[in-house]
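As stored in structure-v8.cif (mmCIF, C-alpha atoms):
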```cif
data_input
loop_
_atom_site.label_atom_id
_atom_site.label_comp_id
_atom_site.auth_asym_id
_atom_site.auth_seq_id
_atom_site.Cartn_x
_atom_site.Cartn_y
_atom_site.Cartn_z
CA MET Q 917 105.88 180.75 51.26
CA LYS Q 918 102.33 179.71 50.34
CA LYS Q 919 101.64 178.91 54.00
CA MET Q 920 102.88 182.34 55.07
CA PHE Q 921 100.69 184.04 52.43
CA LEU Q 922 97.64 182.02 53.53
CA LEU Q 923 98.35 182.76 57.18
CA ASN Q 924 98.62 186.49 56.42
CA MET Q 925 95.34 186.42 54.49
CA ILE Q 926 93.54 184.64 57.33
CA PHE Q 927 95.01 187.09 59.83
CA LEU Q 928 94.09 190.10 57.71
CA PHE Q 929 90.54 189.02 56.88
CA GLY Q 930 89.90 187.50 60.28
CA PHE Q 931 90.48 190.80 62.04
CA SER Q 932 89.01 193.07 59.39
CA CYS Q 933 85.66 191.29 59.63
CA ASN Q 934 85.45 192.22 63.30
CA GLN Q 935 86.17 195.91 62.82
CA LEU Q 936 83.17 198.20 62.53
CA THR Q 937 82.82 200.69 59.72
CA ASP Q 938 82.29 204.35 60.62
CA GLU Q 939 78.60 203.95 59.77
CA GLU Q 940 78.28 200.88 62.00
CA LYS Q 941 80.03 202.74 64.84
CA MET Q 942 77.64 205.68 64.51
CA ILE Q 943 74.64 203.35 64.51
CA LYS Q 944 75.94 201.54 67.59
CA GLU Q 945 76.51 204.88 69.36
CA THR Q 946 73.03 206.11 68.40
CA LEU Q 947 71.03 203.07 69.51
CA GLY Q 948 69.66 203.69 73.00
CA LYS Q 949 69.92 207.48 72.77
CA SER Q 950 66.84 209.49 73.65
CA LEU Q 951 65.10 211.46 70.97
CA GLU Q 952 63.16 214.65 71.65
CA ILE Q 953 59.73 214.62 70.00
CA GLY Q 954 57.58 216.44 72.57
CA MET Q 955 57.85 219.79 70.80
CA PHE Q 956 54.73 219.11 68.75
CA GLU Q 957 51.31 220.02 70.10
CA SER Q 958 49.29 217.70 67.92
CA VAL Q 959 49.53 215.13 65.16
CA ARG Q 960 47.29 214.60 62.20
CA GLN Q 961 45.58 211.33 61.36
CA GLY Q 962 43.53 211.76 58.22
CA GLU Q 963 41.35 214.79 58.85
CA ARG Q 964 41.63 214.53 62.66
CA GLU Q 965 44.01 216.47 64.87
CA ILE Q 966 45.06 214.50 67.96
CA PRO Q 967 46.83 216.06 70.95
CA PHE Q 968 50.43 214.89 70.94
CA GLY Q 969 50.25 213.52 74.49
CA GLU Q 970 47.22 211.40 73.62
CA PHE Q 971 48.99 210.08 70.52
CA ARG Q 972 52.15 209.27 72.50
CA ASP Q 973 50.21 207.51 75.26
CA ARG Q 974 48.42 205.38 72.67
CA TYR Q 975 51.55 204.16 70.84
CA PRO Q 976 54.54 202.90 72.85
CA PHE Q 977 56.42 202.16 69.62
CA ILE Q 978 56.72 204.67 66.81
CA SER Q 979 58.71 204.63 63.61
CA LEU Q 980 59.72 208.22 62.89
CA VAL Q 981 60.13 209.03 59.22
CA TYR Q 982 61.61 212.45 58.54
CA LEU Q 983 60.71 213.99 55.18
CA GLU Q 984 60.93 217.40 53.54
CA ASP Q 985 58.38 219.03 51.30
CA GLY Q 986 60.10 219.91 48.03
CA CYS Q 987 62.54 217.00 48.36
CA SER Q 988 62.13 214.75 45.32
CA PRO Q 989 63.47 211.57 47.04
CA CYS Q 990 61.09 212.13 49.98
CA TYR Q 991 57.91 211.52 47.98
CA PRO Q 992 58.82 207.95 46.96
CA ARG Q 993 59.91 207.29 50.58
CA PHE Q 994 56.47 208.40 51.81
CA ILE Q 995 54.77 206.13 49.28
CA GLU Q 996 57.10 203.24 50.10
CA TRP Q 997 56.37 203.50 53.81
CA GLN Q 998 52.63 203.63 53.16
CA THR Q 999 52.68 200.58 50.90
CA ARG Q 1000 55.45 198.41 52.38
CA MET Q 1001 54.13 198.53 55.94
CA ASP Q 1002 51.33 196.29 54.64
CA THR Q 1003 53.89 193.49 54.49
CA LEU Q 1004 54.29 193.53 58.29
CA ASP Q 1005 51.99 192.26 61.00
CA LEU Q 1006 51.57 195.47 63.00
CA SER Q 1007 50.39 195.52 66.58
CA ASP Q 1008 48.03 198.09 68.05
CA ASP Q 1009 50.98 199.44 70.08
CA PHE Q 1010 52.75 200.71 66.97
CA SER Q 1011 52.35 203.55 64.49
CA VAL Q 1012 54.37 205.51 61.98
CA LEU Q 1013 54.83 209.23 62.51
CA PHE Q 1014 55.85 211.19 59.45
CA ILE Q 1015 57.62 214.37 60.52
CA ILE Q 1016 57.52 216.63 57.49
CA LEU Q 1017 59.59 219.77 57.17
CA GLY Q 1018 57.22 222.11 55.36
CA ARG Q 1019 54.48 224.69 55.74
CA SER Q 1020 51.41 222.52 55.24
CA TYR Q 1021 50.27 218.98 54.65
CA GLU Q 1022 48.25 220.20 51.68
CA SER Q 1023 51.41 221.53 50.02
CA PHE Q 1024 53.18 218.24 50.69
CA THR Q 1025 50.33 216.17 49.21
CA ASN Q 1026 50.03 218.49 46.19
CA ASN Q 1027 53.75 218.04 45.48
CA LEU Q 1028 53.46 214.31 46.12
CA LEU Q 1029 50.69 214.07 43.52
CA LEU Q 1030 52.74 216.10 41.05
CA TYR Q 1031 55.51 213.54 41.58
CA ASN Q 1032 53.12 210.59 41.20
CA PRO Q 1033 49.66 211.62 39.86
CA GLU Q 1034 48.31 208.07 40.09
CA TYR Q 1035 49.06 207.63 43.79
CA GLU Q 1036 45.96 207.43 45.98
CA LEU Q 1037 46.51 209.36 49.17
CA PRO Q 1038 46.06 207.32 52.35
CA LYS Q 1039 43.04 208.31 54.40
CA ASP Q 1040 44.05 207.88 58.04
CA ARG Q 1041 46.46 205.01 58.36
CA PHE Q 1042 49.46 206.69 59.96
CA HIS Q 1043 50.19 209.98 61.67
CA ILE Q 1044 51.73 213.17 60.36
CA VAL Q 1045 53.14 216.29 61.94
CA MET Q 1046 54.31 219.34 60.04
CA ASP Q 1047 57.53 220.97 61.21
CA PRO Q 1048 57.85 224.33 59.44
CA ASP Q 1049 60.51 225.65 61.83
CA TYR Q 1050 63.07 222.78 61.93
CA ARG Q 1051 62.18 222.12 65.58
CA PHE Q 1052 62.69 218.38 65.29
CA LEU Q 1053 66.20 218.71 63.89
CA GLU Q 1054 67.13 221.55 66.26
CA ASN Q 1055 66.06 219.51 69.29
CA ASN Q 1056 68.01 216.44 68.17
CA LEU Q 1057 71.38 217.84 67.14
CA ASP Q 1058 73.24 214.94 68.79
CA ILE Q 1059 71.66 212.48 66.33
CA GLY Q 1060 73.35 212.45 62.93
CA ARG Q 1061 71.14 213.73 60.13
CA TRP Q 1062 71.95 210.71 57.96
CA VAL Q 1063 70.69 208.50 60.82
CA ILE Q 1064 67.47 210.51 61.09
CA ASP Q 1065 66.99 210.20 57.33
CA LYS Q 1066 67.10 206.38 57.61
CA SER Q 1067 64.06 206.40 59.99
CA LEU Q 1068 64.06 205.53 63.67
CA LEU Q 1069 62.00 203.18 65.82
CA ILE Q 1070 61.57 204.56 69.32
CA ASN Q 1071 60.03 203.06 72.43
CA ILE Q 1072 57.77 204.67 75.05
CA GLU Q 1073 60.81 206.34 76.64
CA ASN Q 1074 61.75 207.87 73.26
CA LYS Q 1075 64.88 205.74 73.11
CA ILE Q 1076 66.09 204.75 69.66
CA LYS Q 1077 65.73 200.99 69.29
CA LEU Q 1078 66.13 200.44 65.54
CA ILE Q 1079 67.55 202.46 62.69
CA GLY Q 1080 66.11 201.88 59.23
CA PRO Q 1081 62.77 200.70 57.89
CA PRO Q 1082 61.50 197.42 59.33
CA PHE Q 1083 60.58 196.22 55.84
CA ALA Q 1084 64.14 196.67 54.50
CA SER Q 1085 65.01 193.00 54.99
CA GLU Q 1086 63.87 189.87 56.74
CA ARG Q 1087 66.44 190.49 59.50
CA MET Q 1088 65.17 194.05 60.05
CA ALA Q 1089 61.61 192.74 60.32
CA GLU Q 1090 62.76 190.15 62.91
CA LEU Q 1091 64.50 192.87 64.94
CA PHE Q 1092 61.41 195.05 64.68
CA TYR Q 1093 59.14 192.29 66.00
CA ASP Q 1094 61.59 191.39 68.78
CA ILE Q 1095 61.77 195.00 69.94
CA CYS Q 1096 58.04 195.69 69.78
CA ASN Q 1097 57.20 192.46 71.61
CA LYS Q 1098 59.49 193.25 74.56
CA GLN Q 1099 57.26 196.19 75.62
CA SER Q 1100 60.02 198.80 76.27
#
```

Written as C-alpha coordinates, that's how I'd like the structure from this file.
Amino acid sequence: MKKMFLLNMIFLFGFSCNQLTDEEKMIKETLGKSLEIGMFESVRQGEREIPFGEFRDRYPFISLVYLEDGCSPCYPRFIEWQTRMDTLDLSDDFSVLFIILGRSYESFTNNLLLYNPEYELPKDRFHIVMDPDYRFLENNLDIGRWVIDKSLLINIENKIKLIGPPFASERMAELFYDICNKQS
(Lines of atoms letter the chains of each structure in order from A and count residues from 1; the text may use other names and numbers.)
(Lines give C-alpha, C1' and ligand atoms only; values in the text may rest on other atoms or scores of the structure.)
Protein backbone atom coordinates (compact mmCIF):
# COMPACT_ATOMS: atom_id res chain seq x y z
CA MET A 1 0.00 0.00 0.00
CA LYS A 2 2.81 2.42 0.90
CA LYS A 3 4.56 1.58 -2.38
CA MET A 4 1.39 2.29 -4.35
CA PHE A 5 0.93 5.64 -2.56
CA LEU A 6 4.57 6.60 -3.22
CA LEU A 7 4.27 5.54 -6.85
CA ASN A 8 1.11 7.64 -7.26
CA MET A 9 2.82 10.66 -5.68
CA ILE A 10 5.84 10.34 -7.97
CA PHE A 11 3.55 9.94 -10.97
CA LEU A 12 1.41 12.92 -9.97
CA PHE A 13 4.26 15.29 -9.14
CA GLY A 14 6.48 14.07 -11.95
CA PHE A 15 3.95 15.04 -14.58
CA SER A 16 2.61 18.15 -12.90
CA CYS A 17 6.08 19.70 -12.85
CA ASN A 18 6.22 19.47 -16.63
CA GLN A 19 2.86 21.12 -17.25
CA LEU A 20 2.91 24.85 -17.93
CA THR A 21 0.68 27.25 -16.07
CA ASP A 22 -1.60 29.52 -18.09
CA GLU A 23 0.82 32.40 -17.46
CA GLU A 24 3.79 30.34 -18.66
CA LYS A 25 1.84 29.30 -21.78
CA MET A 26 1.01 32.94 -22.57
CA ILE A 27 4.64 33.95 -22.09
CA LYS A 28 5.82 31.13 -24.35
CA GLU A 29 3.26 32.13 -27.02
CA THR A 30 4.28 35.80 -26.77
CA LEU A 31 8.06 35.35 -27.04
CA GLY A 32 9.11 35.89 -30.66
CA LYS A 33 6.01 37.91 -31.59
CA SER A 34 6.56 41.23 -33.30
CA LEU A 35 5.60 44.39 -31.51
CA GLU A 36 4.50 47.56 -33.30
CA ILE A 37 6.32 50.64 -32.01
CA GLY A 38 6.76 52.71 -35.18
CA MET A 39 3.69 54.85 -34.51
CA PHE A 40 5.74 57.42 -32.61
CA GLU A 41 7.42 60.28 -34.46
CA SER A 42 10.01 61.08 -31.84
CA VAL A 43 11.29 60.14 -28.41
CA ARG A 44 12.50 62.34 -25.62
CA GLN A 45 15.88 62.03 -23.96
CA GLY A 46 16.21 64.67 -21.29
CA GLU A 47 15.37 67.94 -23.00
CA ARG A 48 16.14 66.61 -26.50
CA GLU A 49 13.62 65.29 -29.00
CA ILE A 50 15.07 62.57 -31.24
CA PRO A 51 13.37 61.31 -34.41
CA PHE A 52 12.04 57.83 -33.74
CA GLY A 53 13.89 56.30 -36.70
CA GLU A 54 17.20 57.68 -35.47
CA PHE A 55 16.51 56.33 -31.98
CA ARG A 56 15.56 52.89 -33.34
CA ASP A 57 18.64 52.71 -35.58
CA ARG A 58 20.87 53.56 -32.61
CA TYR A 59 19.51 50.87 -30.24
CA PRO A 60 19.01 47.31 -31.52
CA PHE A 61 17.79 46.23 -28.07
CA ILE A 62 15.15 48.14 -26.16
CA SER A 63 13.32 47.38 -22.95
CA LEU A 64 9.83 48.81 -23.29
CA VAL A 65 8.24 49.88 -20.03
CA TYR A 66 4.58 50.83 -20.32
CA LEU A 67 3.31 53.26 -17.68
CA GLU A 68 0.26 55.45 -17.16
CA ASP A 69 0.15 58.94 -15.75
CA GLY A 70 -2.21 58.92 -12.78
CA CYS A 71 -1.44 55.27 -12.00
CA SER A 72 -0.06 55.08 -8.46
CA PRO A 73 1.87 51.79 -9.00
CA CYS A 74 3.48 53.22 -12.15
CA TYR A 75 5.52 55.87 -10.33
CA PRO A 76 7.48 53.39 -8.19
CA ARG A 77 8.02 51.24 -11.32
CA PHE A 78 9.54 54.25 -13.12
CA ILE A 79 11.82 54.93 -10.15
CA GLU A 80 12.75 51.26 -9.85
CA TRP A 81 13.72 51.04 -13.51
CA GLN A 82 15.80 54.20 -13.24
CA THR A 83 17.66 53.00 -10.15
CA ARG A 84 17.89 49.23 -10.66
CA MET A 85 19.30 49.43 -14.18
CA ASP A 86 22.49 50.67 -12.48
CA THR A 87 23.02 47.11 -11.27
CA LEU A 88 23.47 45.86 -14.84
CA ASP A 89 26.39 46.25 -17.21
CA LEU A 90 24.59 47.90 -20.13
CA SER A 91 25.98 47.95 -23.63
CA ASP A 92 25.76 50.88 -26.01
CA ASP A 93 23.31 48.83 -28.11
CA PHE A 94 20.64 48.96 -25.41
CA SER A 95 18.24 51.51 -23.97
CA VAL A 96 15.02 51.68 -22.04
CA LEU A 97 12.00 53.30 -23.64
CA PHE A 98 9.28 54.40 -21.26
CA ILE A 99 5.97 54.55 -23.11
CA ILE A 100 3.71 56.68 -20.95
CA LEU A 101 -0.02 56.93 -21.45
CA GLY A 102 -0.69 60.57 -20.64
CA ARG A 103 -0.89 64.08 -22.03
CA SER A 104 2.57 65.38 -21.13
CA TYR A 105 5.85 64.41 -19.58
CA GLU A 106 5.59 67.43 -17.31
CA SER A 107 2.30 66.14 -15.89
CA PHE A 108 3.85 62.71 -15.35
CA THR A 109 6.90 64.14 -13.56
CA ASN A 110 4.73 66.46 -11.43
CA ASN A 111 2.64 63.47 -10.32
CA LEU A 112 5.78 61.42 -9.79
CA LEU A 113 7.17 64.11 -7.48
CA LEU A 114 3.87 64.28 -5.60
CA TYR A 115 4.22 60.53 -5.08
CA ASN A 116 7.87 60.81 -4.01
CA PRO A 117 8.96 64.44 -3.34
CA GLU A 118 12.54 63.41 -2.58
CA TYR A 119 13.14 61.64 -5.89
CA GLU A 120 15.62 63.40 -8.15
CA LEU A 121 14.44 63.26 -11.73
CA PRO A 122 16.89 61.65 -14.14
CA LYS A 123 18.40 64.05 -16.64
CA ASP A 124 18.81 62.10 -19.87
CA ARG A 125 19.57 58.49 -19.10
CA PHE A 126 16.75 56.71 -20.89
CA HIS A 127 14.13 57.58 -23.46
CA ILE A 128 10.49 58.52 -23.08
CA VAL A 129 7.55 58.79 -25.42
CA MET A 130 4.14 60.09 -24.47
CA ASP A 131 1.13 58.20 -25.82
CA PRO A 132 -1.98 60.31 -25.15
CA ASP A 133 -4.16 58.37 -27.60
CA TYR A 134 -3.53 54.71 -26.60
CA ARG A 135 -1.77 54.11 -29.93
CA PHE A 136 0.71 51.65 -28.46
CA LEU A 137 -1.98 49.45 -26.95
CA GLU A 138 -4.26 49.74 -29.99
CA ASN A 139 -1.45 48.65 -32.32
CA ASN A 140 -0.53 45.66 -30.15
CA LEU A 141 -3.88 44.08 -29.33
CA ASP A 142 -2.50 40.56 -29.84
CA ILE A 143 -0.13 41.02 -26.89
CA GLY A 144 -1.81 40.54 -23.51
CA ARG A 145 -1.97 43.70 -21.43
CA TRP A 146 -0.59 41.90 -18.38
CA VAL A 147 2.43 40.90 -20.51
CA ILE A 148 2.94 44.50 -21.65
CA ASP A 149 2.75 45.65 -18.04
CA LYS A 150 5.64 43.32 -17.12
CA SER A 151 7.96 45.10 -19.62
CA LEU A 152 9.35 43.68 -22.85
CA LEU A 153 12.83 43.41 -24.32
CA ILE A 154 12.72 43.65 -28.11
CA ASN A 155 15.42 43.21 -30.71
CA ILE A 156 16.10 45.23 -33.88
CA GLU A 157 13.26 43.40 -35.65
CA ASN A 158 10.85 44.40 -32.84
CA LYS A 159 10.51 40.77 -31.79
CA ILE A 160 9.85 40.13 -28.11
CA LYS A 161 12.87 38.37 -26.64
CA LEU A 162 12.31 38.69 -22.88
CA ILE A 163 9.34 39.45 -20.68
CA GLY A 164 10.00 41.12 -17.34
CA PRO A 165 12.70 43.40 -15.98
CA PRO A 166 16.27 42.17 -16.44
CA PHE A 167 17.06 43.09 -12.84
CA ALA A 168 14.27 40.90 -11.41
CA SER A 169 16.62 38.01 -10.68
CA GLU A 170 20.05 36.67 -11.46
CA ARG A 171 18.53 34.32 -14.06
CA MET A 172 16.70 37.20 -15.78
CA ALA A 173 19.96 39.17 -15.92
CA GLU A 174 21.72 36.14 -17.49
CA LEU A 175 18.97 35.81 -20.10
CA PHE A 176 19.17 39.54 -20.79
CA TYR A 177 22.93 39.41 -21.38
CA ASP A 178 22.64 36.28 -23.53
CA ILE A 179 20.01 37.89 -25.73
CA CYS A 180 21.76 41.25 -26.10
CA ASN A 181 25.09 39.61 -26.90
CA LYS A 182 23.64 37.52 -29.76
CA GLN A 183 22.99 40.66 -31.85
CA SER A 184 19.43 39.82 -33.04

Residues matched by the PyMOL selection byres ((chain Q and resi 1084) around 12), written as number ranges by chain: Q: 996-997, 1000-1001, 1003-1004, 1066-1067, 1078-1083, 1085-1092

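For the choices Q:Gly986, Q:Val1045, Q:Trp1062, Q:Tyr1050, the atom-to-atom distance to Leu1029 in chain Q is smallest for Q:Gly986 when using all atoms listed in the file.
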
Polymer residues at most 9 Å from range 948-953 of chain Q, all atoms listed in the file, same-chain spacing of 2 or more positions, as an mmCIF file with C-alpha atoms, keeping the file's coordinate frame:
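Final output, saved to selection31.cif:
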```cif
data_model
loop_
_atom_site.group_PDB
_atom_site.id
_atom_site.type_symbol
_atom_site.label_atom_id
_atom_site.label_comp_id
_atom_site.auth_asym_id
_atom_site.auth_seq_id
_atom_site.Cartn_x
_atom_site.Cartn_y
_atom_site.Cartn_z
ATOM 1 C CA LYS Q 944 75.940 201.540 67.590
ATOM 2 C CA GLU Q 945 76.510 204.880 69.360
ATOM 3 C CA THR Q 946 73.030 206.110 68.400
ATOM 4 C CA MET Q 955 57.850 219.790 70.800
ATOM 5 C CA PHE Q 956 54.730 219.110 68.750
ATOM 6 C CA PHE Q 1052 62.690 218.380 65.290
ATOM 7 C CA ASN Q 1055 66.060 219.510 69.290
ATOM 8 C CA ASN Q 1056 68.010 216.440 68.170
ATOM 9 C CA ILE Q 1059 71.660 212.480 66.330
ATOM 10 C CA ILE Q 1070 61.570 204.560 69.320
ATOM 11 C CA GLU Q 1073 60.810 206.340 76.640
ATOM 12 C CA ASN Q 1074 61.750 207.870 73.260
ATOM 13 C CA LYS Q 1075 64.880 205.740 73.110
ATOM 14 C CA ILE Q 1076 66.090 204.750 69.660
ATOM 15 C CA LYS Q 1077 65.730 200.990 69.290
ATOM 16 C CA LEU Q 1078 66.130 200.440 65.540
#
```

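The interatomic distance for the pair CA of Phe977 in chain Q and CA of Phe1042 in chain Q works out to 12.7 Å.
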
Selection result for the PyMOL selection byres ((chain Q and resi 1012) around 7) on this file, as a VMD selection string: chain Q and resid 978 to 980 1011 1013 to 1014 1042 to 1043

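Here CA of Leu1069 in chain Q and CA of Arg1041 in chain Q stand 17.3 Å from one another.
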
For CA of Gly1060 in chain Q and CA of Asp1094 in chain Q, the interatomic separation in Å (one decimal): 24.8 Å

Expansion of the PyMOL selection byres ((chain Q and resi 1049) around 9) into residues, as a count of residues only: 9

Selection: 12 Å around Glu1036 in chain Q, all atoms listed in the file, excl. self and same-chain fewer than 6 positions, as a ChimeraX atom specification: /Q:995,998-999,1025-1026,1028-1029

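Nearest to Ile1095 in chain Q of all the residues Q:Met1046, Q:Tyr1035, Q:Asp1009, Q:Cys990 is Q:Asp1009, counting all atoms listed in the file.
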
Nearest to Glu965 in chain Q, chosen from Q:Asp985, Q:Glu1022, Q:Asp1040, Q:Asp1005, with only C-alpha atoms counted in the distances: Q:Asp1040

For Ile1044 in chain Q: contacts at 8 Å, only C-alpha atoms, fewer than 3 positions along chain excluded, given as a VMD selection string: chain Q and resid 959 to 961 1013 to 1016

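Minimum atom-to-atom distance to Leu1053 in chain Q, evaluated using all atoms listed in the file, belongs to Q:Asp1065 out of Q:Arg974, Q:Pro967, Q:Asp1065, Q:Glu939.
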
Centre and edge lengths, as AutoDock Vina command-line options, for the axis-aligned box enclosing every listed atom of range 1053-1061 of chain Q with 6 Å of padding on each of the six sides, in Å to one decimal?
```
--center_x 69.7 --center_y 217.0 --center_z 64.7 --size_x 19.3 --size_y 21.1 --size_z 21.2
```

Nearby residues, (51.8, 204.6, 73.4) file frame, 6 Å, all atoms listed in the file, as a PyMOL selection string: chain Q and resi 972-976

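Closest approach to Gly969 in chain Q among Q:Tyr982, Q:Phe1024, Q:Gly954, Q:Ile943 is made by Q:Gly954 (distances from all atoms listed in the file).
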
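Minimum atom-to-atom distance to Leu1037 in chain Q, evaluated using all atoms listed in the file, belongs to Q:Gly962 out of Q:Ser1020, Q:Leu936, Q:Asp1002, Q:Gly962.
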
Residue rebuild result range 1007-1018 of chain Q, all heavy atoms as a PDB file, in the coordinates of the input:
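Result file out_25.pdb:
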```
ATOM      1  N   SER Q1007      51.195 195.585  65.358  1.00  0.00           N
ATOM      2  CA  SER Q1007      50.390 195.520  66.580  1.00  0.00           C
ATOM      3  C   SER Q1007      49.687 196.857  66.794  1.00  0.00           C
ATOM      4  O   SER Q1007      50.011 197.861  66.164  1.00  0.00           O
ATOM      5  CB  SER Q1007      51.273 195.190  67.782  1.00  0.00           C
ATOM      6  OG  SER Q1007      52.035 196.317  68.150  1.00  0.00           O
ATOM      7  N   ASP Q1008      48.741 196.854  67.713  1.00  0.00           N
ATOM      8  CA  ASP Q1008      48.030 198.090  68.050  1.00  0.00           C
ATOM      9  C   ASP Q1008      48.901 199.063  68.825  1.00  0.00           C
ATOM     10  O   ASP Q1008      48.519 200.208  69.026  1.00  0.00           O
ATOM     11  CB  ASP Q1008      46.778 197.759  68.862  1.00  0.00           C
ATOM     12  CG  ASP Q1008      45.744 197.006  68.042  1.00  0.00           C
ATOM     13  OD1 ASP Q1008      45.766 197.117  66.800  1.00  0.00           O
ATOM     14  OD2 ASP Q1008      44.907 196.309  68.647  1.00  0.00           O
ATOM     15  N   ASP Q1009      50.067 198.602  69.295  1.00  0.00           N
ATOM     16  CA  ASP Q1009      50.980 199.440  70.080  1.00  0.00           C
ATOM     17  C   ASP Q1009      51.951 200.226  69.197  1.00  0.00           C
ATOM     18  O   ASP Q1009      52.840 200.888  69.705  1.00  0.00           O
ATOM     19  CB  ASP Q1009      51.822 198.575  71.022  1.00  0.00           C
ATOM     20  CG  ASP Q1009      50.983 197.944  72.112  1.00  0.00           C
ATOM     21  OD1 ASP Q1009      49.853 198.414  72.346  1.00  0.00           O
ATOM     22  OD2 ASP Q1009      51.453 196.990  72.726  1.00  0.00           O
ATOM     23  N   PHE Q1010      51.780 200.141  67.893  1.00  0.00           N
ATOM     24  CA  PHE Q1010      52.750 200.710  66.970  1.00  0.00           C
ATOM     25  C   PHE Q1010      52.073 201.636  65.959  1.00  0.00           C
ATOM     26  O   PHE Q1010      50.957 201.366  65.502  1.00  0.00           O
ATOM     27  CB  PHE Q1010      53.464 199.597  66.207  1.00  0.00           C
ATOM     28  CG  PHE Q1010      54.303 200.100  65.072  1.00  0.00           C
ATOM     29  CD1 PHE Q1010      55.570 200.607  65.303  1.00  0.00           C
ATOM     30  CD2 PHE Q1010      53.810 200.111  63.776  1.00  0.00           C
ATOM     31  CE1 PHE Q1010      56.333 201.102  64.260  1.00  0.00           C
ATOM     32  CE2 PHE Q1010      54.571 200.591  62.728  1.00  0.00           C
ATOM     33  CZ  PHE Q1010      55.834 201.094  62.972  1.00  0.00           C
ATOM     34  N   SER Q1011      52.787 202.706  65.600  1.00  0.00           N
ATOM     35  CA  SER Q1011      52.350 203.550  64.490  1.00  0.00           C
ATOM     36  C   SER Q1011      53.580 204.164  63.833  1.00  0.00           C
ATOM     37  O   SER Q1011      54.684 204.113  64.373  1.00  0.00           O
ATOM     38  CB  SER Q1011      51.413 204.660  64.961  1.00  0.00           C
ATOM     39  OG  SER Q1011      50.891 205.357  63.831  1.00  0.00           O
ATOM     40  N   VAL Q1012      53.344 204.746  62.688  1.00  0.00           N
ATOM     41  CA  VAL Q1012      54.370 205.510  61.980  1.00  0.00           C
ATOM     42  C   VAL Q1012      54.007 206.974  62.147  1.00  0.00           C
ATOM     43  O   VAL Q1012      52.838 207.354  62.028  1.00  0.00           O
ATOM     44  CB  VAL Q1012      54.413 205.142  60.480  1.00  0.00           C
ATOM     45  CG1 VAL Q1012      55.393 206.031  59.734  1.00  0.00           C
ATOM     46  CG2 VAL Q1012      54.767 203.674  60.297  1.00  0.00           C
ATOM     47  N   LEU Q1013      55.011 207.782  62.449  1.00  0.00           N
ATOM     48  CA  LEU Q1013      54.830 209.230  62.510  1.00  0.00           C
ATOM     49  C   LEU Q1013      55.733 209.852  61.452  1.00  0.00           C
ATOM     50  O   LEU Q1013      56.956 209.762  61.536  1.00  0.00           O
ATOM     51  CB  LEU Q1013      55.177 209.786  63.890  1.00  0.00           C
ATOM     52  CG  LEU Q1013      55.098 211.316  64.028  1.00  0.00           C
ATOM     53  CD1 LEU Q1013      53.681 211.822  63.764  1.00  0.00           C
ATOM     54  CD2 LEU Q1013      55.577 211.745  65.409  1.00  0.00           C
ATOM     55  N   PHE Q1014      55.103 210.456  60.454  1.00  0.00           N
ATOM     56  CA  PHE Q1014      55.850 211.190  59.450  1.00  0.00           C
ATOM     57  C   PHE Q1014      56.047 212.608  59.959  1.00  0.00           C
ATOM     58  O   PHE Q1014      55.073 213.314  60.234  1.00  0.00           O
ATOM     59  CB  PHE Q1014      55.085 211.235  58.121  1.00  0.00           C
ATOM     60  CG  PHE Q1014      54.950 209.892  57.461  1.00  0.00           C
ATOM     61  CD1 PHE Q1014      53.798 209.143  57.591  1.00  0.00           C
ATOM     62  CD2 PHE Q1014      55.997 209.381  56.703  1.00  0.00           C
ATOM     63  CE1 PHE Q1014      53.670 207.906  56.983  1.00  0.00           C
ATOM     64  CE2 PHE Q1014      55.883 208.137  56.093  1.00  0.00           C
ATOM     65  CZ  PHE Q1014      54.723 207.404  56.234  1.00  0.00           C
ATOM     66  N   ILE Q1015      57.289 213.000  60.135  1.00  0.00           N
ATOM     67  CA  ILE Q1015      57.620 214.370  60.520  1.00  0.00           C
ATOM     68  C   ILE Q1015      58.070 215.054  59.235  1.00  0.00           C
ATOM     69  O   ILE Q1015      59.096 214.687  58.657  1.00  0.00           O
ATOM     70  CB  ILE Q1015      58.723 214.407  61.589  1.00  0.00           C
ATOM     71  CG1 ILE Q1015      58.263 213.645  62.833  1.00  0.00           C
ATOM     72  CG2 ILE Q1015      59.098 215.850  61.914  1.00  0.00           C
ATOM     73  CD1 ILE Q1015      59.342 213.465  63.885  1.00  0.00           C
ATOM     74  N   ILE Q1016      57.275 216.025  58.796  1.00  0.00           N
ATOM     75  CA  ILE Q1016      57.520 216.630  57.490  1.00  0.00           C
ATOM     76  C   ILE Q1016      57.930 218.090  57.662  1.00  0.00           C
ATOM     77  O   ILE Q1016      57.169 218.901  58.202  1.00  0.00           O
ATOM     78  CB  ILE Q1016      56.279 216.527  56.593  1.00  0.00           C
ATOM     79  CG1 ILE Q1016      55.871 215.048  56.433  1.00  0.00           C
ATOM     80  CG2 ILE Q1016      56.544 217.180  55.239  1.00  0.00           C
ATOM     81  CD1 ILE Q1016      54.560 214.836  55.699  1.00  0.00           C
ATOM     82  N   LEU Q1017      59.129 218.397  57.206  1.00  0.00           N
ATOM     83  CA  LEU Q1017      59.590 219.770  57.170  1.00  0.00           C
ATOM     84  C   LEU Q1017      58.854 220.465  56.031  1.00  0.00           C
ATOM     85  O   LEU Q1017      59.023 220.106  54.866  1.00  0.00           O
ATOM     86  CB  LEU Q1017      61.101 219.839  56.941  1.00  0.00           C
ATOM     87  CG  LEU Q1017      61.682 221.233  56.747  1.00  0.00           C
ATOM     88  CD1 LEU Q1017      61.526 222.068  58.011  1.00  0.00           C
ATOM     89  CD2 LEU Q1017      63.125 221.147  56.334  1.00  0.00           C
ATOM     90  N   GLY Q1018      58.002 221.406  56.367  1.00  0.00           N
ATOM     91  CA  GLY Q1018      57.220 222.110  55.360  1.00  0.00           C
ATOM     92  C   GLY Q1018      56.123 222.921  56.004  1.00  0.00           C
ATOM     93  O   GLY Q1018      55.848 222.777  57.198  1.00  0.00           O
TER      94      GLY Q1018
END
```
